[in-house]
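The structure file coords-v1.txt is reproduced below (compact mmCIF, N, CA and C atoms).
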# COMPACT_ATOMS: atom_id res chain seq x y z
N MET A 1 54.74 6.50 -37.35
CA MET A 1 54.50 6.74 -35.93
C MET A 1 53.46 7.84 -35.78
N THR A 2 52.54 7.66 -34.85
CA THR A 2 51.48 8.65 -34.66
C THR A 2 51.99 9.77 -33.78
N GLU A 3 51.37 10.91 -33.96
CA GLU A 3 51.74 12.09 -33.19
C GLU A 3 51.28 11.94 -31.74
N ALA A 4 52.16 12.26 -30.79
CA ALA A 4 51.79 12.21 -29.38
C ALA A 4 50.83 13.35 -29.09
N ARG A 5 49.78 13.05 -28.34
CA ARG A 5 48.80 14.07 -28.00
C ARG A 5 48.68 14.16 -26.48
N PHE A 6 48.43 15.33 -25.97
CA PHE A 6 48.31 15.53 -24.55
C PHE A 6 47.44 16.74 -24.28
N CYS A 7 47.06 16.92 -23.02
CA CYS A 7 46.18 18.01 -22.63
C CYS A 7 47.04 19.16 -22.12
N VAL A 8 46.86 20.34 -22.69
CA VAL A 8 47.64 21.51 -22.31
C VAL A 8 46.72 22.54 -21.68
N PRO A 9 46.76 22.68 -20.34
CA PRO A 9 45.89 23.69 -19.74
C PRO A 9 46.48 25.09 -19.92
N THR A 10 45.63 26.03 -20.22
CA THR A 10 46.00 27.44 -20.24
C THR A 10 45.00 28.13 -19.32
N TYR A 11 45.32 29.34 -18.92
CA TYR A 11 44.45 30.01 -17.97
C TYR A 11 43.98 31.34 -18.54
N PHE A 12 42.67 31.58 -18.41
CA PHE A 12 42.06 32.83 -18.83
C PHE A 12 41.27 33.36 -17.66
N GLU A 13 41.67 34.50 -17.13
CA GLU A 13 41.03 35.10 -15.96
C GLU A 13 40.91 34.10 -14.81
N GLY A 14 41.97 33.34 -14.59
CA GLY A 14 42.03 32.40 -13.48
C GLY A 14 41.30 31.09 -13.69
N VAL A 15 40.71 30.88 -14.88
CA VAL A 15 39.96 29.65 -15.15
C VAL A 15 40.78 28.80 -16.10
N ALA A 16 40.92 27.50 -15.77
CA ALA A 16 41.67 26.60 -16.63
C ALA A 16 40.91 26.34 -17.91
N MET A 17 41.51 26.69 -19.01
CA MET A 17 40.96 26.40 -20.33
C MET A 17 41.89 25.36 -20.94
N THR A 18 41.39 24.46 -21.72
CA THR A 18 42.26 23.42 -22.25
C THR A 18 42.20 23.34 -23.75
N GLN A 19 43.31 22.94 -24.29
CA GLN A 19 43.38 22.52 -25.67
C GLN A 19 43.72 21.04 -25.57
N VAL A 20 42.88 20.21 -26.10
CA VAL A 20 43.01 18.78 -25.86
C VAL A 20 43.74 18.09 -26.99
N ASN A 21 44.71 17.31 -26.61
CA ASN A 21 45.37 16.38 -27.50
C ASN A 21 45.34 15.05 -26.76
N ALA A 22 44.59 14.10 -27.24
CA ALA A 22 44.36 12.86 -26.51
C ALA A 22 45.23 11.73 -27.04
N PRO A 23 46.06 11.08 -26.19
CA PRO A 23 46.89 9.99 -26.65
C PRO A 23 46.09 8.74 -26.98
N HIS A 24 45.06 8.48 -26.23
CA HIS A 24 44.26 7.26 -26.43
C HIS A 24 42.79 7.64 -26.47
N ALA A 25 42.44 8.46 -27.44
CA ALA A 25 41.06 8.90 -27.54
C ALA A 25 40.17 7.72 -27.85
N GLY A 26 39.11 7.63 -27.13
CA GLY A 26 38.15 6.57 -27.34
C GLY A 26 36.89 6.89 -26.60
N PRO A 27 35.93 6.01 -26.68
CA PRO A 27 34.67 6.29 -25.99
C PRO A 27 34.86 6.32 -24.48
N VAL A 28 34.15 7.21 -23.85
CA VAL A 28 34.21 7.34 -22.39
C VAL A 28 32.96 6.70 -21.80
N ASP A 29 33.14 5.85 -20.81
CA ASP A 29 32.02 5.23 -20.11
C ASP A 29 31.58 6.18 -19.00
N TYR A 30 30.57 7.00 -19.29
CA TYR A 30 30.14 8.02 -18.34
C TYR A 30 29.51 7.42 -17.09
N GLN A 31 28.95 6.24 -17.18
CA GLN A 31 28.42 5.59 -15.98
C GLN A 31 29.56 5.18 -15.06
N GLU A 32 30.67 4.77 -15.65
CA GLU A 32 31.85 4.44 -14.84
C GLU A 32 32.38 5.71 -14.18
N VAL A 33 32.42 6.81 -14.92
CA VAL A 33 32.89 8.08 -14.36
C VAL A 33 31.98 8.50 -13.21
N GLN A 34 30.67 8.37 -13.40
CA GLN A 34 29.71 8.76 -12.37
C GLN A 34 29.87 7.91 -11.11
N ALA A 35 30.28 6.68 -11.24
CA ALA A 35 30.44 5.79 -10.09
C ALA A 35 31.76 6.01 -9.36
N ARG A 36 32.69 6.74 -9.95
CA ARG A 36 34.00 6.94 -9.32
C ARG A 36 33.90 7.79 -8.06
N GLU A 37 34.85 7.58 -7.17
CA GLU A 37 34.85 8.29 -5.89
C GLU A 37 35.02 9.80 -6.07
N ASP A 38 35.85 10.25 -7.00
CA ASP A 38 36.04 11.69 -7.17
C ASP A 38 34.78 12.37 -7.67
N PHE A 39 34.02 11.69 -8.53
CA PHE A 39 32.75 12.26 -9.00
C PHE A 39 31.72 12.26 -7.87
N GLN A 40 31.68 11.19 -7.08
CA GLN A 40 30.76 11.13 -5.95
C GLN A 40 31.09 12.22 -4.93
N GLU A 41 32.38 12.49 -4.73
CA GLU A 41 32.78 13.56 -3.82
C GLU A 41 32.31 14.92 -4.35
N LEU A 42 32.39 15.12 -5.66
CA LEU A 42 31.89 16.35 -6.27
C LEU A 42 30.39 16.50 -6.03
N ARG A 43 29.65 15.42 -6.21
CA ARG A 43 28.20 15.46 -5.95
C ARG A 43 27.89 15.76 -4.49
N ARG A 44 28.64 15.13 -3.57
CA ARG A 44 28.43 15.39 -2.14
C ARG A 44 28.73 16.86 -1.81
N THR A 45 29.79 17.37 -2.39
CA THR A 45 30.16 18.78 -2.16
C THR A 45 29.04 19.69 -2.64
N HIS A 46 28.54 19.44 -3.83
CA HIS A 46 27.45 20.26 -4.39
C HIS A 46 26.21 20.18 -3.50
N ARG A 47 25.83 18.98 -3.15
CA ARG A 47 24.61 18.79 -2.34
C ARG A 47 24.75 19.35 -0.93
N SER A 48 25.97 19.36 -0.39
CA SER A 48 26.18 19.87 0.97
C SER A 48 25.86 21.36 1.05
N PHE A 49 25.92 22.06 -0.07
CA PHE A 49 25.56 23.47 -0.09
C PHE A 49 24.12 23.68 -0.57
N VAL A 50 23.78 23.05 -1.67
CA VAL A 50 22.51 23.32 -2.34
C VAL A 50 21.30 22.90 -1.51
N PHE A 51 21.31 21.72 -0.95
CA PHE A 51 20.13 21.25 -0.21
C PHE A 51 19.86 22.09 1.05
N PRO A 52 20.85 22.32 1.92
CA PRO A 52 20.56 23.16 3.09
C PRO A 52 20.15 24.59 2.71
N MET A 53 20.81 25.17 1.70
CA MET A 53 20.48 26.54 1.32
C MET A 53 19.08 26.62 0.72
N THR A 54 18.69 25.61 -0.05
CA THR A 54 17.34 25.57 -0.60
C THR A 54 16.31 25.46 0.51
N ALA A 55 16.56 24.58 1.48
CA ALA A 55 15.64 24.42 2.62
C ALA A 55 15.52 25.74 3.40
N PHE A 56 16.67 26.37 3.65
CA PHE A 56 16.65 27.65 4.37
C PHE A 56 15.78 28.67 3.64
N PHE A 57 16.02 28.83 2.32
CA PHE A 57 15.30 29.87 1.60
C PHE A 57 13.81 29.56 1.49
N LEU A 58 13.46 28.29 1.26
CA LEU A 58 12.04 27.95 1.17
C LEU A 58 11.31 28.20 2.49
N ILE A 59 11.95 27.84 3.60
CA ILE A 59 11.34 28.10 4.91
C ILE A 59 11.19 29.60 5.13
N TRP A 60 12.21 30.36 4.80
CA TRP A 60 12.18 31.82 4.95
C TRP A 60 11.09 32.42 4.07
N TYR A 61 10.98 31.98 2.83
CA TYR A 61 9.97 32.51 1.91
C TYR A 61 8.56 32.15 2.37
N ILE A 62 8.34 30.89 2.74
CA ILE A 62 7.01 30.45 3.19
C ILE A 62 6.61 31.15 4.48
N ALA A 63 7.58 31.36 5.37
CA ALA A 63 7.29 32.10 6.61
C ALA A 63 6.84 33.52 6.30
N PHE A 64 7.48 34.16 5.31
CA PHE A 64 7.09 35.51 4.91
C PHE A 64 5.67 35.52 4.35
N VAL A 65 5.35 34.56 3.48
CA VAL A 65 4.01 34.49 2.88
C VAL A 65 2.96 34.23 3.95
N ILE A 66 3.24 33.32 4.87
CA ILE A 66 2.29 33.02 5.96
C ILE A 66 2.10 34.24 6.86
N ALA A 67 3.19 34.91 7.18
CA ALA A 67 3.07 36.12 8.01
C ALA A 67 2.25 37.19 7.30
N ALA A 68 2.47 37.36 6.00
CA ALA A 68 1.71 38.36 5.24
C ALA A 68 0.24 37.99 5.15
N ALA A 69 -0.07 36.70 5.02
CA ALA A 69 -1.46 36.26 4.84
C ALA A 69 -2.22 36.19 6.16
N PHE A 70 -1.59 35.72 7.22
CA PHE A 70 -2.32 35.43 8.46
C PHE A 70 -2.01 36.36 9.64
N PHE A 71 -0.97 37.17 9.50
CA PHE A 71 -0.61 38.09 10.59
C PHE A 71 -0.42 39.52 10.08
N PRO A 72 -1.48 40.09 9.52
CA PRO A 72 -1.34 41.43 8.93
C PRO A 72 -0.99 42.50 9.97
N ASP A 73 -1.44 42.32 11.20
CA ASP A 73 -1.10 43.31 12.24
C ASP A 73 0.40 43.28 12.53
N PHE A 74 0.98 42.11 12.51
CA PHE A 74 2.43 41.97 12.72
C PHE A 74 3.20 42.64 11.57
N MET A 75 2.75 42.39 10.34
CA MET A 75 3.44 42.95 9.18
C MET A 75 3.24 44.47 9.08
N ALA A 76 2.20 44.98 9.73
CA ALA A 76 1.90 46.42 9.68
C ALA A 76 2.66 47.22 10.73
N ILE A 77 3.44 46.56 11.56
CA ILE A 77 4.21 47.28 12.59
C ILE A 77 5.11 48.31 11.91
N SER A 78 5.00 49.52 12.37
CA SER A 78 5.79 50.61 11.78
C SER A 78 7.24 50.50 12.25
N VAL A 79 8.14 50.57 11.28
CA VAL A 79 9.57 50.50 11.58
C VAL A 79 10.16 51.90 11.60
N TRP A 80 9.80 52.69 10.58
CA TRP A 80 10.30 54.05 10.47
C TRP A 80 9.40 54.81 9.52
N GLY A 81 8.71 55.79 9.99
CA GLY A 81 7.79 56.56 9.16
C GLY A 81 6.72 55.68 8.53
N ASN A 82 6.60 55.71 7.21
CA ASN A 82 5.62 54.89 6.50
C ASN A 82 6.14 53.50 6.15
N ILE A 83 7.33 53.20 6.59
CA ILE A 83 7.93 51.88 6.29
C ILE A 83 7.53 50.91 7.40
N ASN A 84 6.86 49.83 7.00
CA ASN A 84 6.43 48.84 7.99
C ASN A 84 7.26 47.56 7.89
N LEU A 85 7.03 46.66 8.83
CA LEU A 85 7.80 45.42 8.91
C LEU A 85 7.60 44.55 7.66
N GLY A 86 6.40 44.56 7.09
CA GLY A 86 6.13 43.78 5.88
C GLY A 86 7.00 44.23 4.72
N LEU A 87 7.16 45.53 4.56
CA LEU A 87 8.01 46.06 3.50
C LEU A 87 9.48 45.69 3.74
N VAL A 88 9.92 45.81 4.96
CA VAL A 88 11.31 45.47 5.29
C VAL A 88 11.57 43.98 5.02
N LEU A 89 10.65 43.12 5.47
CA LEU A 89 10.83 41.68 5.25
C LEU A 89 10.72 41.32 3.77
N GLY A 90 9.86 42.02 3.03
CA GLY A 90 9.74 41.79 1.60
C GLY A 90 11.03 42.16 0.87
N LEU A 91 11.61 43.29 1.22
CA LEU A 91 12.89 43.68 0.62
C LEU A 91 14.01 42.74 1.06
N ALA A 92 13.90 42.22 2.26
CA ALA A 92 14.91 41.25 2.73
C ALA A 92 14.89 39.97 1.89
N GLN A 93 13.74 39.66 1.30
CA GLN A 93 13.67 38.50 0.38
C GLN A 93 14.65 38.71 -0.78
N PHE A 94 14.65 39.91 -1.34
CA PHE A 94 15.57 40.21 -2.44
C PHE A 94 17.02 40.16 -1.97
N VAL A 95 17.28 40.73 -0.80
CA VAL A 95 18.64 40.75 -0.27
C VAL A 95 19.14 39.32 -0.07
N THR A 96 18.31 38.46 0.51
CA THR A 96 18.77 37.08 0.74
C THR A 96 18.95 36.33 -0.58
N THR A 97 18.17 36.65 -1.60
CA THR A 97 18.36 36.02 -2.90
C THR A 97 19.73 36.37 -3.46
N PHE A 98 20.09 37.64 -3.42
CA PHE A 98 21.42 38.05 -3.91
C PHE A 98 22.53 37.49 -3.03
N LEU A 99 22.31 37.46 -1.73
CA LEU A 99 23.31 36.91 -0.83
C LEU A 99 23.55 35.42 -1.10
N ILE A 100 22.47 34.66 -1.26
CA ILE A 100 22.60 33.23 -1.56
C ILE A 100 23.30 33.03 -2.90
N THR A 101 22.98 33.85 -3.88
CA THR A 101 23.65 33.74 -5.18
C THR A 101 25.14 34.01 -5.04
N GLY A 102 25.51 35.03 -4.31
CA GLY A 102 26.92 35.33 -4.08
C GLY A 102 27.63 34.22 -3.33
N LEU A 103 26.98 33.67 -2.33
CA LEU A 103 27.57 32.55 -1.58
C LEU A 103 27.76 31.33 -2.47
N TYR A 104 26.78 31.08 -3.35
CA TYR A 104 26.90 29.94 -4.25
C TYR A 104 28.05 30.13 -5.23
N VAL A 105 28.21 31.33 -5.76
CA VAL A 105 29.32 31.59 -6.67
C VAL A 105 30.65 31.38 -5.95
N TRP A 106 30.78 31.90 -4.74
CA TRP A 106 32.00 31.70 -3.96
C TRP A 106 32.23 30.21 -3.70
N PHE A 107 31.19 29.51 -3.26
CA PHE A 107 31.29 28.08 -2.95
C PHE A 107 31.69 27.29 -4.19
N SER A 108 31.03 27.58 -5.28
CA SER A 108 31.32 26.87 -6.53
C SER A 108 32.75 27.11 -6.98
N ASN A 109 33.19 28.36 -6.97
CA ASN A 109 34.54 28.68 -7.40
C ASN A 109 35.61 28.06 -6.51
N SER A 110 35.38 28.07 -5.22
CA SER A 110 36.43 27.61 -4.29
C SER A 110 36.37 26.12 -3.98
N LYS A 111 35.19 25.53 -3.96
CA LYS A 111 35.06 24.14 -3.54
C LYS A 111 34.78 23.17 -4.68
N MET A 112 33.92 23.56 -5.61
CA MET A 112 33.50 22.62 -6.66
C MET A 112 34.37 22.70 -7.91
N ASP A 113 34.76 23.90 -8.31
CA ASP A 113 35.52 24.04 -9.56
C ASP A 113 36.83 23.26 -9.58
N PRO A 114 37.62 23.26 -8.50
CA PRO A 114 38.85 22.46 -8.56
C PRO A 114 38.57 20.97 -8.78
N LYS A 115 37.53 20.45 -8.15
CA LYS A 115 37.18 19.04 -8.30
C LYS A 115 36.64 18.75 -9.70
N SER A 116 35.76 19.60 -10.19
CA SER A 116 35.18 19.36 -11.52
C SER A 116 36.22 19.58 -12.61
N THR A 117 37.14 20.52 -12.41
CA THR A 117 38.19 20.75 -13.39
C THR A 117 39.10 19.53 -13.51
N ALA A 118 39.43 18.92 -12.40
CA ALA A 118 40.28 17.72 -12.44
C ALA A 118 39.60 16.60 -13.23
N ILE A 119 38.32 16.42 -13.00
CA ILE A 119 37.58 15.38 -13.73
C ILE A 119 37.51 15.74 -15.21
N ARG A 120 37.19 17.00 -15.51
CA ARG A 120 37.09 17.43 -16.90
C ARG A 120 38.40 17.29 -17.64
N LEU A 121 39.51 17.69 -17.01
CA LEU A 121 40.81 17.58 -17.67
C LEU A 121 41.14 16.12 -17.99
N GLU A 122 40.82 15.24 -17.07
CA GLU A 122 41.09 13.82 -17.32
C GLU A 122 40.25 13.31 -18.48
N LEU A 123 38.96 13.65 -18.49
CA LEU A 123 38.09 13.19 -19.57
C LEU A 123 38.50 13.79 -20.91
N GLU A 124 38.88 15.06 -20.90
CA GLU A 124 39.34 15.67 -22.14
C GLU A 124 40.63 15.02 -22.64
N ALA A 125 41.49 14.66 -21.71
CA ALA A 125 42.73 13.98 -22.10
C ALA A 125 42.43 12.62 -22.73
N ARG A 126 41.32 12.03 -22.36
CA ARG A 126 40.90 10.76 -22.94
C ARG A 126 40.09 10.96 -24.22
N GLY A 127 39.85 12.20 -24.61
CA GLY A 127 39.17 12.48 -25.85
C GLY A 127 37.70 12.79 -25.73
N ALA A 128 37.17 12.86 -24.52
CA ALA A 128 35.74 13.14 -24.35
C ALA A 128 35.44 14.56 -24.79
N GLY A 129 34.36 14.70 -25.52
CA GLY A 129 33.90 16.01 -25.94
C GLY A 129 34.52 16.51 -27.22
N LEU A 130 35.44 15.75 -27.79
CA LEU A 130 36.05 16.15 -29.06
C LEU A 130 35.20 15.68 -30.23
N PRO A 131 35.20 16.45 -31.31
CA PRO A 131 34.53 15.96 -32.51
C PRO A 131 35.20 14.66 -32.97
N GLU A 132 34.45 13.81 -33.59
CA GLU A 132 34.96 12.49 -34.00
C GLU A 132 36.24 12.56 -34.82
N GLU A 133 36.35 13.55 -35.73
CA GLU A 133 37.54 13.62 -36.58
C GLU A 133 38.78 14.01 -35.80
N ASP A 134 38.62 14.65 -34.61
CA ASP A 134 39.77 15.07 -33.81
C ASP A 134 40.20 14.02 -32.79
N LYS A 135 39.46 12.95 -32.64
CA LYS A 135 39.75 11.97 -31.60
C LYS A 135 40.88 11.02 -31.99
N HIS A 136 41.20 10.92 -33.24
CA HIS A 136 42.21 9.93 -33.65
C HIS A 136 43.45 10.56 -34.19

Final structure tokens representation of the file:
Amino acid sequence: MTEARFCVPTYFEGVAMTQVNAPHAGPVDYQEVQAREDFQELRRTHRSFVFPMTAFFLIWYIAFVIAAAFFPDFMAISVWGNINLGLVLGLAQFVTTFLITGLYVWFSNSKMDPKSTAIRLELEARGAGLPEEDKH
């Protein structure tokens, strides 16, 4: 009789880590996985954040470059002492980059990770990603 194998999730710093024991390890049809509704939902979730945020940042960045190139008097408006509007908006580029990164980390951890973890656990339970000698 063969040894029963199963997937045992453990947690490290709140992240599910797995040790895989697959009962029916075999080849995984990744095109079939990609066509499944749960994977499509994961893609929609990812795109619902990434595409709008990318559009927002590109518009914001291009507007800054256009303002700097074609409206120097506007960018030269003094805000406080020797600090002008161009400097403030330039520094705001960095702030928005860090803000978007933080938002993406939050979004990924709270919205995408649970969905991707469920898919990963299922695939690992089926033997995906294991070295060939460990699949049987």

### Task
Considering all atoms listed in the file, return as an MDAnalysis selection string whatever protein or nucleic-acid residues lie within 8 Å of Phe64 (chain A), sequence-local ones (same chain, fewer than 5 positions apart) excluded.
chainID A and resid 58:59 69:70 89:90

### Task
Pick out each residue of region 51-131 of chain A that DSSP on the backbone tags as helix (DSSP H, G or I); I need them as a VMD selection string.
chain A and resid 51 to 70 72 to 75 85 to 125

If you take every atom of region 43-61 of chain A that the file lists and fit an axis-aligned box around them with 5 Å extra on each side, what centre and edge lengths come out in Å to one decimal, as JSON?
{"center_x": 19.4, "center_y": 23.8, "center_z": -0.5, "size_x": 31.6, "size_y": 27.4, "size_z": 21.3}

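Between atom C of Gln40 (chain A) and CA of Phe56 (chain A) there is a distance of 23.1 Å.
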
### Query
Which value, in Å to one decimal, gives the distance between atom N of Leu42 (chain A) and CA of Lys115 (chain A)?
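Computing it gives 6.7 Å between the two atoms.
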
### Query
With only C-alpha atoms as the basis for distance, which of A:Thr45, A:Asp113, A:Ala68, A:Leu99 is at the shortest distance from Asn84 (chain A)?
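Among A:Thr45, A:Asp113, A:Ala68, A:Leu99, it is A:Ala68 that comes nearest to Asn84 (chain A).
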
Residue rebuild result region 94-105 of chain A, all heavy atoms as a PDB file, in the coordinates of the input:
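out-v8.pdb written:
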ATOM      1  N   PHE A  94      14.650  39.910  -1.340  1.00  0.00           N
ATOM      2  CA  PHE A  94      15.570  40.210  -2.440  1.00  0.00           C
ATOM      3  C   PHE A  94      17.020  40.160  -1.970  1.00  0.00           C
ATOM      4  O   PHE A  94      17.889  39.625  -2.660  1.00  0.00           O
ATOM      5  CB  PHE A  94      15.265  41.585  -3.049  1.00  0.00           C
ATOM      6  CG  PHE A  94      13.986  41.621  -3.812  1.00  0.00           C
ATOM      7  CD1 PHE A  94      12.842  42.161  -3.234  1.00  0.00           C
ATOM      8  CD2 PHE A  94      13.912  41.111  -5.098  1.00  0.00           C
ATOM      9  CE1 PHE A  94      11.655  42.201  -3.942  1.00  0.00           C
ATOM     10  CE2 PHE A  94      12.720  41.146  -5.808  1.00  0.00           C
ATOM     11  CZ  PHE A  94      11.587  41.689  -5.226  1.00  0.00           C
ATOM     12  N   VAL A  95      17.280  40.730  -0.800  1.00  0.00           N
ATOM     13  CA  VAL A  95      18.640  40.750  -0.270  1.00  0.00           C
ATOM     14  C   VAL A  95      19.140  39.320  -0.070  1.00  0.00           C
ATOM     15  O   VAL A  95      20.280  38.999  -0.457  1.00  0.00           O
ATOM     16  CB  VAL A  95      18.703  41.555   1.044  1.00  0.00           C
ATOM     17  CG1 VAL A  95      20.060  41.408   1.716  1.00  0.00           C
ATOM     18  CG2 VAL A  95      18.382  43.019   0.787  1.00  0.00           C
ATOM     19  N   THR A  96      18.310  38.460   0.510  1.00  0.00           N
ATOM     20  CA  THR A  96      18.770  37.080   0.740  1.00  0.00           C
ATOM     21  C   THR A  96      18.950  36.330  -0.580  1.00  0.00           C
ATOM     22  O   THR A  96      19.851  35.494  -0.688  1.00  0.00           O
ATOM     23  CB  THR A  96      17.798  36.298   1.647  1.00  0.00           C
ATOM     24  OG1 THR A  96      16.485  36.333   1.096  1.00  0.00           O
ATOM     25  CG2 THR A  96      17.796  36.835   3.057  1.00  0.00           C
ATOM     26  N   THR A  97      18.170  36.650  -1.600  1.00  0.00           N
ATOM     27  CA  THR A  97      18.360  36.020  -2.900  1.00  0.00           C
ATOM     28  C   THR A  97      19.730  36.370  -3.460  1.00  0.00           C
ATOM     29  O   THR A  97      20.464  35.485  -3.923  1.00  0.00           O
ATOM     30  CB  THR A  97      17.255  36.455  -3.885  1.00  0.00           C
ATOM     31  OG1 THR A  97      15.988  36.054  -3.369  1.00  0.00           O
ATOM     32  CG2 THR A  97      17.465  35.841  -5.256  1.00  0.00           C
ATOM     33  N   PHE A  98      20.090  37.640  -3.420  1.00  0.00           N
ATOM     34  CA  PHE A  98      21.420  38.050  -3.910  1.00  0.00           C
ATOM     35  C   PHE A  98      22.530  37.490  -3.030  1.00  0.00           C
ATOM     36  O   PHE A  98      23.586  37.098  -3.536  1.00  0.00           O
ATOM     37  CB  PHE A  98      21.498  39.571  -4.000  1.00  0.00           C
ATOM     38  CG  PHE A  98      20.649  40.145  -5.098  1.00  0.00           C
ATOM     39  CD1 PHE A  98      19.603  40.994  -4.808  1.00  0.00           C
ATOM     40  CD2 PHE A  98      20.884  39.810  -6.427  1.00  0.00           C
ATOM     41  CE1 PHE A  98      18.812  41.518  -5.818  1.00  0.00           C
ATOM     42  CE2 PHE A  98      20.099  40.335  -7.452  1.00  0.00           C
ATOM     43  CZ  PHE A  98      19.058  41.187  -7.138  1.00  0.00           C
ATOM     44  N   LEU A  99      22.310  37.460  -1.730  1.00  0.00           N
ATOM     45  CA  LEU A  99      23.310  36.910  -0.830  1.00  0.00           C
ATOM     46  C   LEU A  99      23.550  35.420  -1.100  1.00  0.00           C
ATOM     47  O   LEU A  99      24.694  34.970  -1.184  1.00  0.00           O
ATOM     48  CB  LEU A  99      22.874  37.119   0.634  1.00  0.00           C
ATOM     49  CG  LEU A  99      23.827  36.625   1.704  1.00  0.00           C
ATOM     50  CD1 LEU A  99      25.140  37.393   1.641  1.00  0.00           C
ATOM     51  CD2 LEU A  99      23.202  36.774   3.072  1.00  0.00           C
ATOM     52  N   ILE A 100      22.470  34.660  -1.260  1.00  0.00           N
ATOM     53  CA  ILE A 100      22.600  33.230  -1.560  1.00  0.00           C
ATOM     54  C   ILE A 100      23.300  33.030  -2.900  1.00  0.00           C
ATOM     55  O   ILE A 100      24.165  32.148  -3.032  1.00  0.00           O
ATOM     56  CB  ILE A 100      21.226  32.538  -1.541  1.00  0.00           C
ATOM     57  CG1 ILE A 100      20.708  32.459  -0.112  1.00  0.00           C
ATOM     58  CG2 ILE A 100      21.302  31.147  -2.161  1.00  0.00           C
ATOM     59  CD1 ILE A 100      19.255  32.024   0.012  1.00  0.00           C
ATOM     60  N   THR A 101      22.980  33.850  -3.880  1.00  0.00           N
ATOM     61  CA  THR A 101      23.650  33.740  -5.180  1.00  0.00           C
ATOM     62  C   THR A 101      25.140  34.010  -5.040  1.00  0.00           C
ATOM     63  O   THR A 101      25.967  33.261  -5.572  1.00  0.00           O
ATOM     64  CB  THR A 101      23.028  34.733  -6.194  1.00  0.00           C
ATOM     65  OG1 THR A 101      21.643  34.443  -6.324  1.00  0.00           O
ATOM     66  CG2 THR A 101      23.717  34.644  -7.540  1.00  0.00           C
ATOM     67  N   GLY A 102      25.510  35.030  -4.310  1.00  0.00           N
ATOM     68  CA  GLY A 102      26.920  35.330  -4.080  1.00  0.00           C
ATOM     69  C   GLY A 102      27.630  34.220  -3.330  1.00  0.00           C
ATOM     70  O   GLY A 102      28.762  33.854  -3.666  1.00  0.00           O
ATOM     71  N   LEU A 103      26.980  33.670  -2.330  1.00  0.00           N
ATOM     72  CA  LEU A 103      27.570  32.550  -1.580  1.00  0.00           C
ATOM     73  C   LEU A 103      27.760  31.330  -2.470  1.00  0.00           C
ATOM     74  O   LEU A 103      28.773  30.642  -2.381  1.00  0.00           O
ATOM     75  CB  LEU A 103      26.688  32.191  -0.381  1.00  0.00           C
ATOM     76  CG  LEU A 103      26.708  33.162   0.787  1.00  0.00           C
ATOM     77  CD1 LEU A 103      25.652  32.773   1.817  1.00  0.00           C
ATOM     78  CD2 LEU A 103      28.085  33.191   1.417  1.00  0.00           C
ATOM     79  N   TYR A 104      26.780  31.080  -3.350  1.00  0.00           N
ATOM     80  CA  TYR A 104      26.900  29.940  -4.250  1.00  0.00           C
ATOM     81  C   TYR A 104      28.050  30.130  -5.230  1.00  0.00           C
ATOM     82  O   TYR A 104      28.812  29.192  -5.501  1.00  0.00           O
ATOM     83  CB  TYR A 104      25.611  29.665  -5.014  1.00  0.00           C
ATOM     84  CG  TYR A 104      25.766  28.485  -5.936  1.00  0.00           C
ATOM     85  CD1 TYR A 104      25.761  27.189  -5.420  1.00  0.00           C
ATOM     86  CD2 TYR A 104      25.967  28.658  -7.292  1.00  0.00           C
ATOM     87  CE1 TYR A 104      25.941  26.096  -6.252  1.00  0.00           C
ATOM     88  CE2 TYR A 104      26.148  27.570  -8.127  1.00  0.00           C
ATOM     89  CZ  TYR A 104      26.133  26.291  -7.595  1.00  0.00           C
ATOM     90  OH  TYR A 104      26.320  25.221  -8.426  1.00  0.00           O
ATOM     91  N   VAL A 105      28.210  31.330  -5.760  1.00  0.00           N
ATOM     92  CA  VAL A 105      29.320  31.590  -6.670  1.00  0.00           C
ATOM     93  C   VAL A 105      30.650  31.380  -5.950  1.00  0.00           C
ATOM     94  O   VAL A 105      31.561  30.731  -6.475  1.00  0.00           O
ATOM     95  CB  VAL A 105      29.230  33.027  -7.250  1.00  0.00           C
ATOM     96  CG1 VAL A 105      30.513  33.417  -7.970  1.00  0.00           C
ATOM     97  CG2 VAL A 105      28.042  33.141  -8.183  1.00  0.00           C
TER      98      VAL A 105
END
